[in-house]
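One file, my_file-v6.tsv, is given below (TSV, N, CA and C atoms).
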chain	number	residue	atom	x	y	z
A	1	MET	N	-18.76	27.67	-20.03
A	1	MET	CA	-18.04	26.44	-20.28
A	1	MET	C	-16.55	26.69	-20.42
A	2	TRP	N	-16.17	27.85	-20.89
A	2	TRP	CA	-14.75	28.13	-21.09
A	2	TRP	C	-13.98	28.02	-19.78
A	3	ALA	N	-14.58	28.43	-18.67
A	3	ALA	CA	-13.90	28.37	-17.37
A	3	ALA	C	-13.65	26.93	-16.95
A	4	GLN	N	-14.59	26.05	-17.27
A	4	GLN	CA	-14.43	24.66	-16.88
A	4	GLN	C	-13.42	23.95	-17.79
A	5	ILE	N	-13.30	24.42	-19.02
A	5	ILE	CA	-12.25	23.89	-19.91
A	5	ILE	C	-10.89	24.25	-19.33
A	6	ILE	N	-10.76	25.48	-18.84
A	6	ILE	CA	-9.49	25.89	-18.23
A	6	ILE	C	-9.23	25.07	-16.97
A	7	ASN	N	-10.26	24.82	-16.17
A	7	ASN	CA	-10.06	23.99	-14.97
A	7	ASN	C	-9.64	22.57	-15.34
A	8	ALA	N	-10.18	22.03	-16.42
A	8	ALA	CA	-9.75	20.70	-16.87
A	8	ALA	C	-8.27	20.73	-17.27
A	9	ILE	N	-7.87	21.80	-17.94
A	9	ILE	CA	-6.46	21.94	-18.33
A	9	ILE	C	-5.58	22.09	-17.09
A	10	LEU	N	-6.07	22.82	-16.08
A	10	LEU	CA	-5.30	22.96	-14.83
A	10	LEU	C	-5.15	21.61	-14.14
A	11	GLY	N	-6.19	20.78	-14.19
A	11	GLY	CA	-6.07	19.44	-13.63
A	11	GLY	C	-5.03	18.61	-14.36
A	12	LEU	N	-5.02	18.73	-15.69
A	12	LEU	CA	-3.99	18.03	-16.47
A	12	LEU	C	-2.60	18.58	-16.16
A	13	TRP	N	-2.52	19.89	-15.96
A	13	TRP	CA	-1.24	20.51	-15.60
A	13	TRP	C	-0.73	19.95	-14.28
A	14	LEU	N	-1.63	19.81	-13.30
A	14	LEU	CA	-1.21	19.25	-12.02
A	14	LEU	C	-0.63	17.86	-12.17
A	15	MET	N	-1.24	17.06	-13.05
A	15	MET	CA	-0.72	15.71	-13.26
A	15	MET	C	0.66	15.73	-13.93
A	16	ALA	N	0.86	16.68	-14.84
A	16	ALA	CA	2.11	16.73	-15.60
A	16	ALA	C	3.22	17.48	-14.89
A	17	SER	N	2.90	18.39	-13.99
A	17	SER	CA	3.91	19.26	-13.38
A	17	SER	C	5.01	18.53	-12.62
A	18	PRO	N	4.76	17.41	-11.93
A	18	PRO	CA	5.88	16.72	-11.30
A	18	PRO	C	6.93	16.24	-12.31
A	19	GLY	N	6.48	15.78	-13.46
A	19	GLY	CA	7.43	15.35	-14.49
A	19	GLY	C	8.15	16.52	-15.13
A	20	ILE	N	7.45	17.64	-15.30
A	20	ILE	CA	8.05	18.81	-15.94
A	20	ILE	C	9.07	19.47	-15.02
A	21	PHE	N	8.70	19.63	-13.74
A	21	PHE	CA	9.61	20.30	-12.80
A	21	PHE	C	10.56	19.33	-12.11
A	22	GLY	N	10.31	18.04	-12.23
A	22	GLY	CA	11.21	17.03	-11.69
A	22	GLY	C	11.13	16.85	-10.18
A	23	TYR	N	9.96	17.00	-9.60
A	23	TYR	CA	9.86	16.73	-8.17
A	23	TYR	C	9.10	15.44	-7.93
A	24	GLN	N	9.38	14.84	-6.77
A	24	GLN	CA	8.85	13.53	-6.44
A	24	GLN	C	8.29	13.54	-5.03
A	25	GLY	N	7.92	12.39	-4.56
A	25	GLY	CA	7.48	12.24	-3.18
A	25	GLY	C	6.04	12.65	-2.98
A	26	VAL	N	5.77	13.19	-1.80
A	26	VAL	CA	4.41	13.52	-1.41
A	26	VAL	C	3.81	14.63	-2.27
A	27	VAL	N	4.63	15.53	-2.77
A	27	VAL	CA	4.14	16.61	-3.63
A	27	VAL	C	3.62	16.03	-4.95
A	28	ALA	N	4.40	15.15	-5.54
A	28	ALA	CA	3.99	14.52	-6.79
A	28	ALA	C	2.75	13.65	-6.57
A	29	ASP	N	2.72	12.92	-5.45
A	29	ASP	CA	1.55	12.09	-5.16
A	29	ASP	C	0.29	12.94	-5.02
A	30	ASN	N	0.42	14.06	-4.32
A	30	ASN	CA	-0.72	14.96	-4.15
A	30	ASN	C	-1.22	15.47	-5.50
A	31	ASN	N	-0.32	15.89	-6.35
A	31	ASN	CA	-0.71	16.39	-7.67
A	31	ASN	C	-1.31	15.29	-8.54
A	32	HIS	N	-0.80	14.06	-8.40
A	32	HIS	CA	-1.34	12.95	-9.19
A	32	HIS	C	-2.71	12.51	-8.70
A	33	ILE	N	-3.06	12.84	-7.46
A	33	ILE	CA	-4.39	12.51	-6.94
A	33	ILE	C	-5.37	13.64	-7.21
A	34	VAL	N	-4.99	14.87	-6.90
A	34	VAL	CA	-5.90	16.01	-7.01
A	34	VAL	C	-6.13	16.41	-8.47
A	35	GLY	N	-5.12	16.33	-9.30
A	35	GLY	CA	-5.22	16.74	-10.70
A	35	GLY	C	-6.32	16.03	-11.48
A	36	PRO	N	-6.37	14.70	-11.46
A	36	PRO	CA	-7.44	14.03	-12.21
A	36	PRO	C	-8.84	14.29	-11.64
A	37	ILE	N	-8.92	14.50	-10.34
A	37	ILE	CA	-10.23	14.79	-9.75
A	37	ILE	C	-10.72	16.16	-10.22
A	38	ILE	N	-9.84	17.15	-10.23
A	38	ILE	CA	-10.20	18.49	-10.72
A	38	ILE	C	-10.63	18.41	-12.18
A	39	ALA	N	-9.85	17.70	-12.99
A	39	ALA	CA	-10.17	17.58	-14.41
A	39	ALA	C	-11.51	16.86	-14.60
A	40	SER	N	-11.76	15.82	-13.83
A	40	SER	CA	-13.02	15.08	-13.95
A	40	SER	C	-14.22	15.95	-13.60
A	41	PHE	N	-14.15	16.66	-12.47
A	41	PHE	CA	-15.26	17.53	-12.09
A	41	PHE	C	-15.48	18.62	-13.12
A	42	ALA	N	-14.40	19.16	-13.67
A	42	ALA	CA	-14.53	20.21	-14.67
A	42	ALA	C	-15.19	19.68	-15.95
A	43	ILE	N	-14.79	18.50	-16.37
A	43	ILE	CA	-15.37	17.92	-17.59
A	43	ILE	C	-16.84	17.56	-17.38
A	44	ILE	N	-17.18	17.02	-16.23
A	44	ILE	CA	-18.57	16.70	-15.94
A	44	ILE	C	-19.43	17.97	-15.96
A	45	SER	N	-18.87	19.08	-15.52
A	45	SER	CA	-19.66	20.32	-15.44
A	45	SER	C	-19.75	21.07	-16.76
A	46	TRP	N	-19.25	20.52	-17.85
A	46	TRP	CA	-19.38	21.17	-19.16
A	46	TRP	C	-20.83	21.23	-19.61
A	47	TRP	N	-21.65	20.26	-19.21
A	47	TRP	CA	-23.03	20.21	-19.64
A	47	TRP	C	-23.89	21.01	-18.68
A	48	GLU	N	-24.91	21.62	-19.23
A	48	GLU	CA	-25.75	22.52	-18.45
A	48	GLU	C	-26.47	21.80	-17.30
A	49	ALA	N	-26.91	20.58	-17.53
A	49	ALA	CA	-27.63	19.84	-16.50
A	49	ALA	C	-26.75	19.45	-15.32
A	50	THR	N	-25.44	19.35	-15.53
A	50	THR	CA	-24.52	18.96	-14.47
A	50	THR	C	-23.58	20.10	-14.09
A	51	ARG	N	-24.00	21.32	-14.37
A	51	ARG	CA	-23.15	22.48	-14.14
A	51	ARG	C	-22.76	22.65	-12.67
A	52	VAL	N	-23.60	22.23	-11.75
A	52	VAL	CA	-23.33	22.41	-10.33
A	52	VAL	C	-22.09	21.65	-9.87
A	53	VAL	N	-21.67	20.65	-10.62
A	53	VAL	CA	-20.49	19.86	-10.26
A	53	VAL	C	-19.23	20.73	-10.25
A	54	ARG	N	-19.25	21.87	-10.93
A	54	ARG	CA	-18.11	22.77	-10.93
A	54	ARG	C	-17.75	23.21	-9.51
A	55	LEU	N	-18.74	23.29	-8.64
A	55	LEU	CA	-18.51	23.72	-7.26
A	55	LEU	C	-17.77	22.66	-6.44
A	56	TYR	N	-17.74	21.43	-6.91
A	56	TYR	CA	-17.00	20.39	-6.21
A	56	TYR	C	-15.49	20.65	-6.27
A	57	ASN	N	-15.07	21.51	-7.19
A	57	ASN	CA	-13.66	21.84	-7.27
A	57	ASN	C	-13.23	22.86	-6.22
A	58	LEU	N	-14.17	23.51	-5.56
A	58	LEU	CA	-13.81	24.50	-4.54
A	58	LEU	C	-12.98	23.90	-3.40
A	59	PRO	N	-13.41	22.80	-2.77
A	59	PRO	CA	-12.57	22.24	-1.70
A	59	PRO	C	-11.20	21.79	-2.20
A	60	LEU	N	-11.15	21.32	-3.45
A	60	LEU	CA	-9.86	20.90	-4.00
A	60	LEU	C	-8.94	22.09	-4.21
A	61	GLY	N	-9.52	23.21	-4.66
A	61	GLY	CA	-8.72	24.43	-4.80
A	61	GLY	C	-8.20	24.92	-3.46
A	62	PHE	N	-9.06	24.87	-2.43
A	62	PHE	CA	-8.61	25.28	-1.09
A	62	PHE	C	-7.56	24.32	-0.55
A	63	TRP	N	-7.70	23.03	-0.88
A	63	TRP	CA	-6.68	22.07	-0.45
A	63	TRP	C	-5.33	22.41	-1.09
A	64	LEU	N	-5.35	22.79	-2.37
A	64	LEU	CA	-4.09	23.15	-3.02
A	64	LEU	C	-3.45	24.37	-2.37
A	65	LEU	N	-4.26	25.25	-1.80
A	65	LEU	CA	-3.70	26.41	-1.08
A	65	LEU	C	-3.08	25.99	0.25
A	66	LEU	N	-3.66	25.00	0.89
A	66	LEU	CA	-3.17	24.56	2.20
A	66	LEU	C	-2.09	23.49	2.12
A	67	ALA	N	-2.05	22.73	1.05
A	67	ALA	CA	-1.15	21.59	0.92
A	67	ALA	C	0.32	21.90	1.17
A	68	PRO	N	0.86	23.05	0.70
A	68	PRO	CA	2.27	23.29	0.95
A	68	PRO	C	2.63	23.31	2.44
A	69	TRP	N	1.71	23.74	3.29
A	69	TRP	CA	2.01	23.80	4.71
A	69	TRP	C	1.64	22.51	5.42
A	70	VAL	N	0.55	21.87	4.99
A	70	VAL	CA	0.14	20.62	5.63
A	70	VAL	C	1.11	19.50	5.27
A	71	LEU	N	1.51	19.44	4.01
A	71	LEU	CA	2.40	18.37	3.55
A	71	LEU	C	3.88	18.73	3.62
A	72	GLY	N	4.19	19.97	3.91
A	72	GLY	CA	5.58	20.41	4.08
A	72	GLY	C	6.38	20.47	2.79
A	73	TYR	N	5.86	21.17	1.80
A	73	TYR	CA	6.61	21.34	0.55
A	73	TYR	C	7.90	22.10	0.85
A	74	GLU	N	8.98	21.70	0.18
A	74	GLU	CA	10.26	22.34	0.44
A	74	GLU	C	10.68	23.28	-0.68
A	75	SER	N	10.29	23.00	-1.88
A	75	SER	CA	10.70	23.79	-3.04
A	75	SER	C	9.75	24.97	-3.26
A	76	THR	N	10.33	26.12	-3.58
A	76	THR	CA	9.53	27.30	-3.88
A	76	THR	C	8.68	27.08	-5.12
A	77	THR	N	9.22	26.36	-6.09
A	77	THR	CA	8.48	26.08	-7.32
A	77	THR	C	7.22	25.29	-7.04
A	78	THR	N	7.31	24.29	-6.18
A	78	THR	CA	6.13	23.48	-5.87
A	78	THR	C	5.10	24.28	-5.08
A	79	ILE	N	5.56	25.15	-4.19
A	79	ILE	CA	4.65	25.98	-3.40
A	79	ILE	C	3.91	26.95	-4.32
A	80	VAL	N	4.63	27.62	-5.19
A	80	VAL	CA	4.02	28.59	-6.10
A	80	VAL	C	3.06	27.88	-7.06
A	81	ASN	N	3.47	26.73	-7.58
A	81	ASN	CA	2.61	25.98	-8.49
A	81	ASN	C	1.31	25.58	-7.81
A	82	SER	N	1.41	25.03	-6.63
A	82	SER	CA	0.21	24.59	-5.91
A	82	SER	C	-0.71	25.76	-5.58
A	83	MET	N	-0.15	26.85	-5.12
A	83	MET	CA	-0.97	28.00	-4.74
A	83	MET	C	-1.59	28.68	-5.95
A	84	LEU	N	-0.84	28.82	-7.02
A	84	LEU	CA	-1.36	29.46	-8.22
A	84	LEU	C	-2.49	28.63	-8.83
A	85	VAL	N	-2.27	27.33	-8.95
A	85	VAL	CA	-3.31	26.45	-9.49
A	85	VAL	C	-4.53	26.45	-8.57
A	86	GLY	N	-4.32	26.45	-7.26
A	86	GLY	CA	-5.43	26.49	-6.31
A	86	GLY	C	-6.28	27.73	-6.47
A	87	VAL	N	-5.65	28.88	-6.58
A	87	VAL	CA	-6.38	30.14	-6.75
A	87	VAL	C	-7.15	30.13	-8.07
A	88	LEU	N	-6.52	29.68	-9.13
A	88	LEU	CA	-7.19	29.65	-10.43
A	88	LEU	C	-8.37	28.68	-10.44
A	89	VAL	N	-8.20	27.52	-9.83
A	89	VAL	CA	-9.29	26.55	-9.78
A	89	VAL	C	-10.48	27.13	-9.01
A	90	ILE	N	-10.21	27.79	-7.90
A	90	ILE	CA	-11.29	28.42	-7.12
A	90	ILE	C	-12.00	29.49	-7.94
A	91	CYS	N	-11.22	30.35	-8.57
A	91	CYS	CA	-11.82	31.44	-9.36
A	91	CYS	C	-12.68	30.90	-10.51
A	92	PHE	N	-12.17	29.93	-11.24
A	92	PHE	CA	-12.91	29.41	-12.38
A	92	PHE	C	-14.08	28.52	-11.97
A	93	ALA	N	-14.04	27.97	-10.76
A	93	ALA	CA	-15.17	27.16	-10.29
A	93	ALA	C	-16.40	28.03	-10.03
A	94	PHE	N	-16.19	29.30	-9.74
A	94	PHE	CA	-17.31	30.21	-9.49
A	94	PHE	C	-17.97	30.71	-10.77
A	95	VAL	N	-17.33	30.53	-11.93
A	95	VAL	CA	-17.91	30.99	-13.19
A	95	VAL	C	-19.01	30.02	-13.59
A	96	LYS	N	-20.24	30.52	-13.63
A	96	LYS	CA	-21.39	29.66	-13.88
A	96	LYS	C	-21.59	29.37	-15.36
A	97	GLY	N	-21.43	30.35	-16.18
A	97	GLY	CA	-21.66	30.16	-17.60
A	97	GLY	C	-23.05	30.60	-18.00
A	98	LYS	N	-23.31	30.55	-19.28
A	98	LYS	CA	-24.57	30.99	-19.84
A	98	LYS	C	-25.65	29.92	-19.66
A	99	VAL	N	-26.81	30.34	-19.17
A	99	VAL	CA	-27.94	29.43	-19.01
A	99	VAL	C	-28.77	29.49	-20.29
A	100	GLU	N	-28.85	28.39	-20.99
A	100	GLU	CA	-29.57	28.36	-22.26
A	100	GLU	C	-30.98	27.82	-22.13
A	101	GLY	N	-31.27	27.11	-21.08
A	101	GLY	CA	-32.61	26.56	-20.92
A	101	GLY	C	-32.81	26.10	-19.50
A	102	THR	N	-34.07	25.97	-19.11
A	102	THR	CA	-34.37	25.43	-17.80
A	102	THR	C	-35.05	24.08	-18.01
A	103	TYR	N	-34.84	23.21	-17.07
A	103	TYR	CA	-35.31	21.85	-17.22
A	103	TYR	C	-36.42	21.49	-16.24
A	104	GLY	N	-36.92	22.48	-15.51
A	104	GLY	CA	-38.00	22.22	-14.57
A	104	GLY	C	-37.54	21.41	-13.39
A	105	GLY	N	-38.49	20.84	-12.69
A	105	GLY	CA	-38.16	20.02	-11.55
A	105	GLY	C	-37.87	20.85	-10.32
A	106	GLY	N	-37.39	20.21	-9.31
A	106	GLY	CA	-37.11	20.89	-8.06
A	106	GLY	C	-38.40	21.11	-7.27
A	107	TRP	N	-38.26	21.75	-6.16
A	107	TRP	CA	-39.39	21.99	-5.28
A	107	TRP	C	-40.42	22.92	-5.89
A	108	LYS	N	-39.97	23.89	-6.68
A	108	LYS	CA	-40.92	24.85	-7.23
A	108	LYS	C	-41.91	24.22	-8.20
A	109	SER	N	-41.58	23.06	-8.76
A	109	SER	CA	-42.50	22.41	-9.70
A	109	SER	C	-43.76	21.90	-9.01
A	110	LEU	N	-43.73	21.75	-7.69
A	110	LEU	CA	-44.91	21.31	-6.97
A	110	LEU	C	-46.01	22.37	-6.98
A	111	TRP	N	-45.62	23.65	-7.11
A	111	TRP	CA	-46.58	24.74	-7.03
A	111	TRP	C	-46.88	25.37	-8.38
A	112	GLN	N	-46.25	24.92	-9.44
A	112	GLN	CA	-46.51	25.49	-10.76
A	112	GLN	C	-47.78	24.88	-11.34
A	113	SER	N	-48.57	25.74	-11.97
A	113	SER	CA	-49.81	25.23	-12.57
A	113	SER	C	-49.62	24.86	-14.04
A	114	ASP	N	-48.64	25.44	-14.70
A	114	ASP	CA	-48.43	25.17	-16.12
A	114	ASP	C	-46.96	24.85	-16.34
A	115	THR	N	-46.61	23.58	-16.18
A	115	THR	CA	-45.21	23.18	-16.29
A	115	THR	C	-44.83	22.93	-17.74
A	116	LEU	N	-43.55	22.81	-17.97
A	116	LEU	CA	-43.02	22.60	-19.31
A	116	LEU	C	-43.57	21.31	-19.93
A	117	HIS	N	-43.60	20.24	-19.17
A	117	HIS	CA	-44.08	18.97	-19.74
A	117	HIS	C	-45.58	19.02	-20.03
A	118	GLN	N	-46.35	19.81	-19.25
A	118	GLN	CA	-47.77	19.96	-19.56
A	118	GLN	C	-47.98	20.72	-20.86
A	119	ARG	N	-47.18	21.77	-21.07
A	119	ARG	CA	-47.27	22.53	-22.32
A	119	ARG	C	-46.88	21.67	-23.51
A	120	GLU	N	-45.84	20.86	-23.35
A	120	GLU	CA	-45.41	19.96	-24.42
A	120	GLU	C	-46.49	18.93	-24.73
A	121	ALA	N	-47.10	18.39	-23.70
A	121	ALA	CA	-48.16	17.39	-23.89
A	121	ALA	C	-49.35	18.01	-24.63
A	122	ARG	N	-49.69	19.26	-24.28
A	122	ARG	CA	-50.79	19.93	-24.97
A	122	ARG	C	-50.45	20.18	-26.43
A	123	SER	N	-49.25	20.62	-26.71
A	123	SER	CA	-48.88	20.90	-28.10
A	123	SER	C	-48.83	19.61	-28.92
A	124	MET	N	-48.40	18.51	-28.31
A	124	MET	CA	-48.40	17.23	-29.02
A	124	MET	C	-49.83	16.76	-29.27
A	125	GLN	N	-50.70	16.97	-28.30
A	125	GLN	CA	-52.10	16.59	-28.47
A	125	GLN	C	-52.76	17.45	-29.55
A	126	ASP	N	-52.46	18.75	-29.56
A	126	ASP	CA	-52.99	19.64	-30.59
A	126	ASP	C	-52.51	19.21	-31.97
A	127	TYR	N	-51.25	18.82	-32.05
A	127	TYR	CA	-50.71	18.36	-33.33
A	127	TYR	C	-51.41	17.09	-33.78
A	128	ALA	N	-51.65	16.17	-32.83
A	128	ALA	CA	-52.31	14.91	-33.16
A	128	ALA	C	-53.77	15.15	-33.58
A	129	ASP	N	-54.40	16.15	-32.99
A	129	ASP	CA	-55.79	16.47	-33.33
A	129	ASP	C	-55.90	17.29	-34.61
A	130	GLY	N	-54.77	17.73	-35.14
A	130	GLY	CA	-54.78	18.51	-36.38
A	130	GLY	C	-55.00	20.00	-36.16
A	131	LYS	N	-54.89	20.47	-34.92
A	131	LYS	CA	-55.12	21.91	-34.64
A	131	LYS	C	-53.88	22.74	-34.93
A	132	GLN	N	-52.76	22.19	-34.78
A	132	GLN	CA	-51.45	22.82	-34.97
A	132	GLN	C	-51.50	24.21	-34.51

Could you write out this file's structure as structure tokens?
Amino acid sequence: MWAQIINAILGLWLMASPGIFGYQGVVADNNHIVGPIIASFAIISWWEATRVVRLYNLPLGFWLLLAPWVLGYESTTTIVNSMLVGVLVICFAFVKGKVEGTYGGGWKSLWQSDTLHQREARSMQDYADGKQ
């Protein structure tokens, strides 16, 4: 989760950097569009069930690497900022985090004979029957 917190901060940084460095135009517009999307995907991926959303930041990180040439950035500061944030977003998007539990489901659940919900149902039935 720590990596996705950093990605959320990087998204906030992208939104704030045009005001901090004083640049405008297409560079600022790009940062104001990509920054909140990166932050949103990072925040959504804080929870274990939605962890895969962290990978949605990969194309955005690659876009930040390409944007200086596609959009024609003129300032060295804007180029370095975009490329550095892009590399960091890509690196942190690959950090999966600690898996604390599995939630079942998926294709493999079709072939399992003793699923989590079956075990839970049995333990609840045992409790109701007084077997504990």

> Residues at most 6.5 Å from segment 40-57 of chain A, counting all atoms listed in the file, excluding those fewer than 6 positions away in the same chain, as a PyMOL selection string?
Replying inline: chain A and resi 1+4-5+7-8+89-90+93-94

> Any idea what's packed within 12 Å of Leu84 of chain A, counting only C-alpha atoms, ignoring anything in its chain fewer than 3 positions away? Could you give it as a PyMOL selection string?
Replying inline: chain A and resi 10+13-14+61-66+68+76-81+87-91

> Among chain A, which ones does DSSP place in alpha helix (DSSP H), written as number ranges by chain?
Replying inline: A: 2-21, 26-44, 57-70, 76-93, 116-129

Contact residues around Met15 of chain A with all atoms listed in the file at 7 Å, ignoring same-chain residues under 6 positions, as a JSON list (two decimals) with N, CA and C atoms, keeping the file's coordinate frame:
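Ended up saving to result.json:
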[["chain", "number", "residue", "atom", "x", "y", "z"],
["A", 31, "ASN", "N", -0.32, 15.89, -6.35],
["A", 31, "ASN", "CA", -0.71, 16.39, -7.67],
["A", 31, "ASN", "C", -1.31, 15.29, -8.54],
["A", 32, "HIS", "N", -0.80, 14.06, -8.40],
["A", 32, "HIS", "CA", -1.34, 12.95, -9.19],
["A", 32, "HIS", "C", -2.71, 12.51, -8.70],
["A", 33, "ILE", "N", -3.06, 12.84, -7.46],
["A", 33, "ILE", "CA", -4.39, 12.51, -6.94],
["A", 33, "ILE", "C", -5.37, 13.64, -7.21],
["A", 34, "VAL", "N", -4.99, 14.87, -6.90],
["A", 34, "VAL", "CA", -5.90, 16.01, -7.01],
["A", 34, "VAL", "C", -6.13, 16.41, -8.47],
["A", 35, "GLY", "N", -5.12, 16.33, -9.30],
["A", 35, "GLY", "CA", -5.22, 16.74, -10.70],
["A", 35, "GLY", "C", -6.32, 16.03, -11.48],
["A", 36, "PRO", "N", -6.37, 14.70, -11.46],
["A", 36, "PRO", "CA", -7.44, 14.03, -12.21],
["A", 36, "PRO", "C", -8.84, 14.29, -11.64]]

>> What's the separation between atom CA of Gly97 of chain A and atom N of Ala3 of chain A, in Å to one decimal place?
In response: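 That distance, rounded to one decimal, is 7.4 Å.
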
>> Just the number, please: distance in Å from atom N of Gly11 of chain A to atom CA of Glu100 of chain A, one decimal.
In response: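 Atom-to-atom, atom N of Gly11 of chain A and atom CA of Glu100 of chain A are spaced 25.9 Å apart.
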
>> Rounded to one decimal, what separation in Å do you get between atom CA of Ile20 of chain A and atom CA of Ala39 of chain A?
In response: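 Going from atom CA of Ile20 of chain A over to atom CA of Ala39 of chain A covers 18.3 Å.
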
>> I need the residue nearest Gly72 of chain A from this list: A:Leu58, A:Pro18, A:Val27, A:Lys96. Use all atoms listed in the file for the distance.
In response: A:Val27

> Between A:Gly130, A:Val95, A:Ile9, A:Val26, which is the closest to Val70 of chain A once you count only C-alpha atoms?
Replying inline: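 Using only C-alpha atoms, Val70 of chain A sits closest to A:Val26.
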
> Which residue out of A:Ala128, A:Leu60, A:Ile6, A:Ala67 has the minimum interatomic distance to Ala28 of chain A when only C-alpha atoms are used?
Replying inline: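 Distance minimum relative to Ala28 of chain A lands on A:Ala67.
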